[in-house]
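Coordinates from start-v8.txt are shown below (compact mmCIF, C-alpha atoms).
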```
# COMPACT_ATOMS: atom_id res chain seq x y z
CA MET D 13 114.96 89.91 97.32
CA PRO D 14 118.03 87.88 96.36
CA LYS D 15 120.68 89.45 94.18
CA PRO D 16 120.43 88.28 90.54
CA ASP D 17 123.19 86.22 89.00
CA SER D 18 125.84 88.35 87.35
CA ILE D 19 126.12 88.22 83.58
CA ASN D 20 129.39 86.35 84.00
CA GLN D 21 127.59 83.74 86.13
CA ILE D 22 124.82 83.44 83.53
CA LEU D 23 127.39 82.98 80.78
CA GLN D 24 129.23 80.33 82.80
CA LYS D 25 126.00 78.43 83.50
CA SER D 26 125.21 78.50 79.78
CA ALA D 27 128.68 77.24 78.91
CA ASP D 28 128.46 74.46 81.49
CA ASN D 29 124.84 73.37 81.03
CA TRP D 30 123.72 74.48 77.58
CA PRO D 31 126.75 74.60 75.30
CA GLU D 32 124.61 74.76 72.14
CA SER D 33 123.14 78.05 73.35
CA PHE D 34 126.45 79.33 74.62
CA ALA D 35 127.98 78.87 71.16
CA THR D 36 125.64 81.51 69.73
CA ILE D 37 125.05 83.78 72.72
CA SER D 38 126.06 87.43 72.61
CA PRO D 39 127.47 88.58 75.96
CA SER D 40 127.01 92.19 74.83
CA ILE D 41 123.28 91.67 74.33
CA LEU D 42 122.98 90.14 77.79
CA ARG D 43 124.83 93.11 79.24
CA LEU D 44 122.58 95.55 77.37
CA HIS D 45 119.52 93.77 78.80
CA ARG D 46 120.92 93.98 82.32
CA ILE D 47 121.87 97.65 81.96
CA HIS D 48 118.36 98.35 80.64
CA THR D 49 116.94 96.73 83.77
CA TYR D 50 119.14 98.87 86.02
CA LEU D 51 118.29 102.05 84.10
CA HIS D 52 114.57 101.25 84.27
CA HIS D 53 114.72 100.63 88.03
CA ASN D 54 116.67 103.86 88.43
CA MET D 55 114.03 105.81 86.48
CA GLU D 56 111.19 104.19 88.41
CA SER D 57 112.76 105.09 91.76
CA VAL D 58 113.09 108.75 90.76
CA VAL D 59 109.58 109.08 89.33
CA LYS D 60 108.01 107.18 92.24
CA HIS D 61 109.59 109.71 94.61
CA HIS D 62 107.49 112.34 92.77
CA GLN D 63 104.29 110.21 92.89
CA LEU D 64 104.51 109.44 89.17
CA GLN D 65 104.43 106.20 87.24
CA ALA D 66 106.85 105.34 84.45
CA ALA D 67 104.18 106.02 81.81
CA ASP D 68 103.45 109.42 83.37
CA PHE D 69 107.14 110.26 83.13
CA GLY D 70 107.20 109.19 79.48
CA VAL D 71 104.33 111.51 78.58
CA LEU D 72 105.67 114.51 80.50
CA GLU D 73 109.22 114.04 79.22
CA THR D 74 108.02 113.68 75.62
CA LEU D 75 105.87 116.81 75.80
CA ARG D 76 108.71 118.81 77.37
CA LYS D 77 110.99 118.02 74.42
CA GLU D 78 108.54 119.68 72.05
CA PRO D 79 108.77 123.41 71.28
CA ALA D 80 106.52 125.69 73.33
CA PRO D 81 103.63 125.35 74.00
CA PHE D 82 104.70 121.68 74.52
CA CYS D 83 101.67 120.24 72.76
CA LEU D 84 100.98 117.12 70.67
CA SER D 85 98.05 115.07 69.49
CA PRO D 86 97.70 111.72 71.27
CA THR D 87 98.94 109.93 68.12
CA GLN D 88 101.99 112.20 67.83
CA LEU D 89 102.64 111.76 71.54
CA TYR D 90 102.53 107.98 71.31
CA CYS D 91 104.88 107.94 68.30
CA ALA D 92 107.38 110.32 69.92
CA MET D 93 107.67 108.54 73.26
CA LEU D 94 110.94 106.84 74.12
CA PHE D 95 109.09 104.26 76.21
CA SER D 96 105.89 102.76 74.85
CA SER D 97 102.85 103.41 76.98
CA GLY D 98 100.00 100.96 76.87
CA GLY D 99 96.72 102.48 77.93
CA LEU D 100 97.65 106.03 76.97
CA THR D 101 94.10 107.28 77.57
CA LYS D 102 94.25 106.19 81.22
CA VAL D 103 97.65 107.88 81.65
CA LEU D 104 96.37 111.11 80.10
CA THR D 105 93.35 111.08 82.41
CA ARG D 106 95.59 110.61 85.45
CA LEU D 107 97.92 113.44 84.37
CA THR D 108 94.98 115.73 83.60
CA ASN D 109 93.47 115.06 87.03
CA ALA D 110 96.84 115.85 88.63
CA GLY D 111 97.02 119.15 86.74
CA LEU D 112 100.21 118.13 84.92
CA ILE D 113 98.70 118.33 81.42
CA VAL D 114 95.70 120.03 79.87
CA ARG D 115 93.52 118.74 77.05
CA LEU D 116 92.72 121.24 74.31
CA ASP D 117 90.35 121.11 71.38
CA ASN D 118 92.17 120.01 68.24
CA PRO D 119 91.36 122.52 65.48
CA GLU D 120 92.40 119.96 62.83
CA ASP D 121 90.36 117.04 64.21
CA LYS D 122 87.22 117.67 66.24
CA ARG D 123 87.21 114.01 67.35
CA SER D 124 90.42 114.32 69.38
CA LYS D 125 91.93 116.61 71.94
CA LEU D 126 95.51 117.85 71.98
CA VAL D 127 97.73 117.14 74.96
CA GLN D 128 99.64 120.11 76.39
CA LEU D 129 102.10 120.22 79.25
CA SER D 130 100.82 122.53 82.03
CA ASP D 131 103.07 124.94 83.91
CA LYS D 132 102.89 122.60 86.93
CA GLY D 133 103.85 119.64 84.70
CA LYS D 134 106.74 121.58 83.17
CA VAL D 135 108.19 122.43 86.58
CA LEU D 136 107.82 118.83 87.76
CA ILE D 137 109.35 117.13 84.71
CA GLU D 138 112.30 119.52 84.72
CA GLN D 139 112.97 118.59 88.36
CA VAL D 140 112.53 114.86 87.74
CA ILE D 141 114.74 114.81 84.65
CA LEU D 142 117.51 116.68 86.47
CA GLU D 143 117.48 114.13 89.30
CA LEU D 144 117.40 111.24 86.86
CA HIS D 145 120.28 112.58 84.77
CA GLN D 146 122.37 113.20 87.89
CA LYS D 147 121.88 109.58 89.01
CA GLU D 148 122.74 108.30 85.54
CA GLN D 149 125.83 110.49 85.27
CA ARG D 150 127.16 109.14 88.56
CA LYS D 151 127.13 105.66 86.99
CA MET D 152 128.51 106.87 83.65
CA ALA D 153 131.41 108.51 85.50
CA SER D 154 132.95 105.04 85.80
CA LEU D 155 133.92 105.54 82.14
CA THR D 156 136.26 108.22 80.85
CA VAL D 157 134.86 110.84 78.50
CA ASP D 158 136.55 109.05 75.59
CA GLU D 159 135.07 105.72 76.65
CA GLN D 160 131.61 107.28 76.94
CA GLN D 161 131.92 108.72 73.43
CA HIS D 162 133.16 105.39 72.05
CA LEU D 163 130.31 103.52 73.77
CA ASP D 164 127.80 106.00 72.37
CA ALA D 165 129.20 105.59 68.85
CA LEU D 166 128.99 101.79 69.07
CA LEU D 167 125.46 101.84 70.48
CA LYS D 168 124.38 104.33 67.81
CA LYS D 169 125.77 102.04 65.12
CA LEU D 170 124.03 98.99 66.60
CA LEU D 171 120.74 100.84 67.10
CA GLY D 172 120.91 102.00 63.50
CA VAL D 173 120.30 98.41 62.43
CA TRP D 174 116.80 98.63 63.98
CA GLU D 175 115.95 102.27 63.48
```
Go ahead and express the file in the form of structure tokens.
Amino acid sequence: MPKPDSINQILQKSADNWPESFATISPSILRLHRIHTYLHHNMESVVKHHQLQAADFGVLETLRKEPAPFCLSPTQLYCAMLFSSGGLTKVLTRLTNAGLIVRLDNPEDKRSKLVQLSDKGKVLIEQVILELHQKEQRKMASLTVDEQQHLDALLKKLLGVWE
């Protein structure tokens, strides 16, 4: 697969061939999109190594962030996920069949079942997240600690506009 154009190349093409667009373009937004793509590919490579899909990772990671016994209703799970997961029912079935989650009767709503991280799922997601964070930290190491903190503060401020 050919290497994608760099953001600088994309900006130059816009300046040369579409000056009306270039006048209002935000290079930072383009860079955020590209970094998102790299982060997503990075996550997918780690989870694939563990025979998981990105949606599986999202469910397991979300459940693991909850207090023990790592349990949520499907609606709570969907709302708490960092990455949206279309077809959550299919994902939950796959994770149940793999023994990574268990479905429990919901005492507050007999029509739904709670989703709980199994011991096997807990061990797996803790391994996956460690590998993922190590890969991400190797890339973040290109910035000093001060630069990382400054970047985080700026991204937090920008994200606050949406959240």
Spatial neighbours of stretch 65-76 of chain D, max dist 10 Å, all atoms listed in the file, sep filter under 4 positions, as a ChimeraX atom specification: /D:52-53,55-61,80-84,86,88-100,102-104,106-107,112-113,127-130,133-138,140-141
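Taking atom CA of D:Leu23 and atom CA of D:Gly172 as endpoints, the distance between them is 26.5 Å.
Straight-line separation from atom CA of D:Ile47 to atom CA of D:Ile19: 10.5 Å.
Across D:Gln149, D:Ser38, D:Ser33, D:Thr87, the tightest approach to D:Leu51 is made by D:Gln149 when counting only C-alpha atoms.
The interatomic distance for the pair atom CA of D:Leu170 and atom CA of D:Ser40 works out to 11.1 Å.
Shortest separation to D:Asp117 among D:Asn54, D:Asn29, D:Ser85, D:Gln139 occurs at residue D:Ser85, atoms counted being all atoms listed in the file.
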Given the choices D:Thr49, D:Gln63, D:Gln21, D:Gln146, which gets closest to D:Ala110 if the distance is worked out from all atoms listed in the file? D:Gln63
